[in-house]
Each structure stands twice: as C-alpha cells, then as structure tokens.
$ cat data_39.cif   # mmCIF, C-alpha atoms
data_entry
#
loop_
_atom_site.label_atom_id
_atom_site.label_comp_id
_atom_site.auth_asym_id
_atom_site.auth_seq_id
_atom_site.Cartn_x
_atom_site.Cartn_y
_atom_site.Cartn_z
CA MET A 1 -28.35 43.69 21.90
CA LYS A 2 -30.42 42.19 19.11
CA LYS A 3 -27.41 42.22 16.74
CA LEU A 4 -25.28 40.57 19.43
CA PHE A 5 -27.92 37.88 19.94
CA LEU A 6 -28.17 37.22 16.15
CA ALA A 7 -24.38 37.05 15.85
CA GLY A 8 -24.22 34.55 18.73
CA LEU A 9 -27.04 32.48 17.19
CA MET A 10 -25.25 32.35 13.82
CA LEU A 11 -21.99 31.35 15.50
CA ALA A 12 -23.70 28.58 17.46
CA THR A 13 -25.50 27.32 14.32
CA THR A 14 -22.22 27.27 12.39
CA GLN A 15 -20.53 25.27 15.15
CA ILE A 16 -23.39 22.75 15.30
CA LEU A 17 -23.38 22.28 11.51
CA SER A 18 -19.60 21.96 11.54
CA ALA A 19 -19.76 19.35 14.30
CA GLN A 20 -22.40 17.41 12.39
CA SER A 21 -20.25 17.59 9.26
CA PHE A 22 -17.20 16.28 11.12
CA GLY A 23 -19.36 13.65 12.78
CA GLY A 24 -20.54 12.51 9.35
CA ILE A 25 -16.94 12.24 8.18
CA PHE A 26 -15.95 10.17 11.20
CA GLN A 27 -18.94 7.88 10.69
CA ARG A 28 -17.64 7.13 7.20
CA LEU A 29 -14.14 6.27 8.47
CA SER A 30 -13.16 2.75 9.45
CA PHE A 31 -9.83 1.26 10.50
CA GLY A 32 -8.29 -2.15 10.25
CA VAL A 33 -5.24 -4.38 10.25
CA LYS A 34 -3.69 -6.45 7.48
CA VAL A 35 -1.03 -9.16 7.20
CA GLY A 36 0.08 -11.44 4.40
CA GLY A 37 2.73 -12.79 2.06
CA ASN A 38 4.67 -11.24 -0.83
CA TYR A 39 6.15 -12.78 -3.94
CA SER A 40 8.44 -10.22 -5.55
CA ASN A 41 10.91 -9.89 -8.39
CA PHE A 42 12.68 -7.22 -10.41
CA THR A 43 11.40 -6.52 -13.93
CA GLY A 44 13.56 -5.25 -16.79
CA THR A 45 16.91 -6.54 -15.51
CA ASN A 46 19.93 -7.51 -17.60
CA PHE A 47 20.82 -10.20 -15.03
CA ASP A 48 19.03 -13.43 -14.09
CA THR A 49 16.60 -13.30 -11.18
CA GLU A 50 13.97 -15.47 -9.53
CA GLY A 51 11.01 -14.59 -7.34
CA LEU A 52 11.57 -13.98 -3.63
CA ALA A 53 9.09 -14.73 -0.83
CA GLY A 54 8.47 -12.02 1.77
CA PHE A 55 5.71 -10.60 3.92
CA HIS A 56 3.78 -7.43 4.66
CA GLY A 57 1.73 -6.13 7.56
CA GLY A 58 0.24 -2.92 8.84
CA LEU A 59 -2.79 -0.68 9.21
CA ILE A 60 -5.81 0.20 7.04
CA VAL A 61 -7.80 3.44 6.85
CA ASN A 62 -11.00 3.25 4.77
CA PHE A 63 -13.33 6.12 3.88
CA LYS A 64 -16.79 5.17 2.62
CA LEU A 65 -18.00 7.32 -0.28
CA THR A 66 -21.24 5.49 -1.11
CA GLU A 67 -22.73 2.07 -0.41
CA ASN A 68 -20.52 0.55 -3.13
CA TRP A 69 -17.48 2.85 -3.33
CA SER A 70 -14.72 3.70 -0.88
CA ILE A 71 -11.17 5.06 -0.76
CA GLN A 72 -8.60 3.05 1.19
CA GLU A 73 -5.10 3.90 2.35
CA ASP A 74 -2.75 1.32 3.84
CA PHE A 75 0.44 1.80 5.84
CA LEU A 76 2.43 -1.41 5.40
CA TYR A 77 5.86 -2.75 6.24
CA SER A 78 6.82 -4.81 3.18
CA THR A 79 9.83 -7.04 2.49
CA GLN A 80 10.63 -7.67 -1.17
CA GLY A 81 13.43 -7.96 -3.70
CA ALA A 82 14.67 -10.89 -5.80
CA LYS A 83 16.86 -13.97 -5.84
CA ILE A 84 19.89 -13.63 -8.09
CA LYS A 85 21.30 -16.51 -10.14
CA ASP A 86 24.79 -15.15 -10.87
CA ASN A 87 27.49 -13.34 -8.93
CA LEU A 88 27.47 -9.95 -10.68
CA PHE A 89 27.00 -8.31 -7.28
CA GLY A 90 29.81 -10.32 -5.69
CA THR A 91 27.34 -12.67 -4.03
CA LYS A 92 24.65 -15.19 -4.92
CA GLU A 93 22.57 -14.33 -1.86
CA ASP A 94 19.05 -12.87 -2.09
CA LEU A 95 18.69 -9.14 -2.68
CA LYS A 96 16.29 -8.15 0.12
CA LEU A 97 14.72 -4.71 0.45
CA SER A 98 12.33 -3.42 3.12
CA TYR A 99 9.86 -0.61 2.43
CA LEU A 100 7.17 1.41 4.11
CA SER A 101 4.46 1.02 1.45
CA VAL A 102 1.53 3.44 1.24
CA PRO A 103 -1.04 2.38 -1.38
CA ILE A 104 -4.11 4.55 -1.96
CA VAL A 105 -6.85 2.71 -3.86
CA VAL A 106 -10.41 3.25 -4.98
CA LYS A 107 -12.52 0.19 -4.10
CA TYR A 108 -15.77 -1.02 -5.63
CA HIS A 109 -17.76 -3.29 -3.29
CA SER A 110 -20.35 -5.61 -4.80
CA GLY A 111 -23.47 -6.66 -2.94
CA ILE A 112 -22.15 -10.20 -2.35
CA GLY A 113 -18.86 -9.17 -0.71
CA LEU A 114 -16.53 -9.22 -3.72
CA TYR A 115 -14.50 -6.07 -4.26
CA PHE A 116 -12.16 -4.66 -6.89
CA GLU A 117 -9.52 -1.99 -6.30
CA ALA A 118 -7.04 0.12 -8.23
CA GLY A 119 -4.79 3.03 -7.41
CA ALA A 120 -1.28 4.30 -6.82
CA GLN A 121 1.41 3.33 -4.33
CA ALA A 122 4.46 5.07 -2.89
CA ASN A 123 7.29 3.17 -1.16
CA MET A 124 9.96 4.56 1.14
CA LEU A 125 13.06 2.42 1.62
CA ILE A 126 13.61 1.34 5.22
CA GLU A 127 16.40 -1.21 4.75
CA ASP A 128 18.68 -1.55 1.72
CA ALA A 129 20.23 -4.76 0.39
CA LYS A 130 23.30 -5.44 2.51
CA ASN A 131 25.10 -8.06 0.46
CA THR A 132 26.23 -6.08 -2.60
CA SER A 133 29.50 -4.34 -3.36
CA PHE A 134 27.63 -1.01 -3.67
CA GLY A 135 27.27 1.40 -0.78
CA ASP A 136 23.72 2.25 -1.88
CA PHE A 137 21.95 -0.41 -3.90
CA ALA A 138 18.36 0.88 -4.05
CA ASP A 139 16.86 4.35 -4.36
CA LYS A 140 15.11 5.73 -1.28
CA VAL A 141 11.77 6.27 -3.06
CA ASP A 142 9.72 4.01 -5.32
CA ALA A 143 6.27 4.54 -6.84
CA GLY A 144 3.89 2.79 -9.20
CA VAL A 145 0.38 1.43 -9.67
CA VAL A 146 -1.51 -1.27 -7.79
CA GLY A 147 -4.64 -3.28 -8.50
CA GLY A 148 -6.43 -6.18 -6.90
CA LEU A 149 -9.55 -8.01 -5.87
CA GLY A 150 -10.85 -9.84 -2.84
CA TYR A 151 -13.74 -10.80 -0.65
CA GLN A 152 -14.96 -9.24 2.60
CA PHE A 153 -17.73 -10.65 4.80
CA LYS A 154 -20.60 -8.17 5.11
CA ALA A 155 -22.58 -9.86 7.88
CA GLY A 156 -22.45 -12.47 10.61
CA PRO A 157 -19.85 -13.15 13.31
CA VAL A 158 -16.95 -12.64 10.86
CA LYS A 159 -18.23 -9.31 9.48
CA GLY A 160 -15.25 -7.16 8.47
CA LEU A 161 -12.91 -10.12 7.88
CA GLY A 162 -11.57 -10.45 4.36
CA ILE A 163 -8.96 -11.86 2.02
CA GLY A 164 -7.41 -10.00 -0.89
CA ALA A 165 -4.87 -10.29 -3.69
CA ARG A 166 -2.93 -7.37 -5.18
CA TYR A 167 -0.21 -6.76 -7.72
CA TYR A 168 2.12 -3.76 -7.58
CA GLN A 169 4.17 -2.62 -10.57
CA GLY A 170 6.79 0.02 -9.95
CA PHE A 171 7.42 2.80 -12.47
CA MET A 172 10.65 4.15 -10.96
CA ASP A 173 14.16 2.73 -11.31
CA VAL A 174 15.09 0.67 -8.26
CA GLY A 175 18.87 0.81 -8.59
CA LYS A 176 20.84 3.76 -7.26
CA PHE A 177 24.29 2.36 -8.09
CA ASN A 178 26.51 3.07 -11.10
CA SER A 179 27.90 0.14 -13.07
CA ASP A 180 28.99 -0.52 -16.64
CA ALA A 181 28.00 -4.19 -16.46
CA ILE A 182 24.68 -3.98 -14.58
CA LYS A 183 21.67 -1.88 -15.56
CA SER A 184 20.16 0.01 -12.62
CA ASP A 185 16.87 0.87 -14.33
CA PHE A 186 14.98 -2.28 -13.32
CA LYS A 187 11.62 -2.00 -11.53
CA ASN A 188 9.89 -3.60 -8.54
CA GLY A 189 7.08 -6.09 -9.15
CA VAL A 190 5.21 -7.55 -6.16
CA GLY A 191 2.26 -9.91 -5.81
CA GLN A 192 0.53 -9.92 -2.43
CA LEU A 193 -1.99 -12.18 -0.72
CA SER A 194 -3.49 -10.71 2.46
CA VAL A 195 -5.85 -11.42 5.31
CA PHE A 196 -7.39 -8.30 6.86
CA TYR A 197 -9.97 -7.18 9.37
CA ILE A 198 -11.76 -3.82 9.22
CA PHE A 199 -13.45 -2.76 12.45
#
$ encode --input "data_39.cif" --output "structure tokens"
Amino acid sequence: MKKLFLAGLMLATTQILSAQSFGGIFQRLSFGVKVGGNYSNFTGTNFDTEGLAGFHGGLIVNFKLTENWSIQEDFLYSTQGAKIKDNLFGTKEDLKLSYLSVPIVVKYHSGIGLYFEAGAQANMLIEDAKNTSFGDFADKVDAGVVGGLGYQFKAGPVKGLGIGARYYQGFMDVGKFNSDAIKSDFKNGVGQLSVFYIF
C-alpha cells in the first residue's frame, strides 16, 4: 500500500511539474497579425527588370526567450516578382508570383522599443506567373536569408503595435524553365515595410 501511495504521489508530482512547465511555455508565447507592402525584383538576371510593388499579410507567433531576446515565426501571403522591360517571355507584362512565406528570425529588443532581427525564410509557391510561354515559370520552393529592424511600443494604449522593415535575399534559383536565351538561375529579392500588432 505504501509503495502504491508513493507511486501515485510521484505520478501526481510529475503531472503538476509538467503542467507548470507547459504553462511557462504558453506564458512566453504571443500571437499577432501583420500587413504591409513589398518591393521586389529578380537579382542575377540576363534580362532587364524593374522593381514590382506588391503586398504581404498574415500571422505572427513569437516566443520570448529572455527580456531582450525572442524567436519569431511568421506565416505570410506575399506577392512579388518583377517588371520586365523586353519581350523575351513573349510579353512585356509584369511577372507576378505569389508565395506562402515562412520566415523564422531571432529578435533583439532594446529597452526603448527598437528591435533588430535576422534569420532564414522558406517560400512555397502558391501562384505562378501566368503570362509567359513556359508551362512552369518558377520553382515550387524558394529559400534564403532575411534581416530587418523596427520599433514596437512597449507601454501605453498602443502597446504591442509596431512598424518594421525587412529585406529578403533568396539563395535558390527562381526559374524552373529551360531556355537557351534566358538564364533561369536568377534569385528573389524583396524589401518589405510592415505594420503589425502582437497581442
């Protein structure tokens, strides 16, 4: 009976400690929303391009490590691509791509609300360019590095509201097509300006 009681006590203690541990994890988690504009272009092309305006929007998950450090993951719908200045693709229309972008960054928060962030980003193609002579213009997966800075209010009625700027540089070839005249090994480059709110 004594052994049964001790076993039950140990099990109950383990469950309490586990619940406290999970509770501590959930206390460190915060969620938010983000929306903003993109200015994108292709880098490393052998054809003339110009920057293309787009937008992004989605959800934020932030995990607080210490008072000054956190890890943040975003889930964003992002429109990007480039304007083309010749008709190598059979059109002079914009080359527009849509991605589900998932950046994971480490953030340093200063005491006055400024923050700096850096990390990696993966992109999954949602919508390919429709105005080219190729069946598949862009690869389904893209990845690279991202860095940025911003400001988030730490107190007052607008606590949690912030503005941020990021730049993403892709490391993977965007093009999936085969062509003798056009190189497919160009990369995505995207500047972003966002407004966000973390609850």
$ resolve_selection --input "data_39.cif" --expression "the PyMOL selection byres ((chain A and resi 35) around 6)" --output "list of chain:residue names"
A:Lys34, A:Gly36, A:His56, A:Gly57, A:Ser194, A:Val195
$ closest_residue --input "data_39.cif" --among "A:Glu117, A:Asp74, A:Asp142, A:Asp86" --to "Gly164 (chain A)" --atoms "only C-alpha atoms"
A:Glu117
$ closest_residue --input "data_39.cif" --among "A:Gln72, A:Ser30, A:Gln80, A:Ser110" --to "Glu50 (chain A)" --atoms "only C-alpha atoms"
A:Gln80
$ closest_residue --input "data_39.cif" --among "A:Ile198, A:Ser40, A:Lys85, A:Lys187" --to "Ile60 (chain A)" --atoms "all atoms listed in the file"
A:Ile198
$ closest_residue --input "data_39.cif" --among "A:Asn178, A:Gln169, A:Ser101, A:Asn131" --to "Ile84 (chain A)" --atoms "only C-alpha atoms"
A:Asn131
$ atom_distance --input "data_39.cif" --atom1 "CA of Gly81 (chain A)" --atom2 "CA of Thr49 (chain A)"
9.7 Å
$ closest_residue --input "data_39.cif" --among "A:Phe63, A:Phe186, A:Trp69, A:Tyr151" --to "Ala165 (chain A)" --atoms "all atoms listed in the file"
A:Tyr151
$ resolve_selection --input "data_39.cif" --expression "the PyMOL selection byres ((chain A and resi 112) around 9)" --output "MDAnalysis selection string"
chainID A and resid 109:111 113:115 151:154
$ axis_aligned_box --input "data_39.cif" --around "region 27-39 of chain A" --padding-each-side "6 Å" --output "AutoDock Vina command-line options"
--center_x -6.4 --center_y -2.5 --center_z 3.4 --size_x 37.1 --size_y 32.7 --size_z 26.6
$ closest_residue --input "data_39.cif" --among "A:Thr43, A:Asp94, A:Asn38, A:Lys159" --to "Phe55 (chain A)" --atoms "only C-alpha atoms"
A:Asn38
$ atom_distance --input "data_39.cif" --atom1 "CA of Gly150 (chain A)" --atom2 "CA of Phe26 (chain A)"
25.0 Å
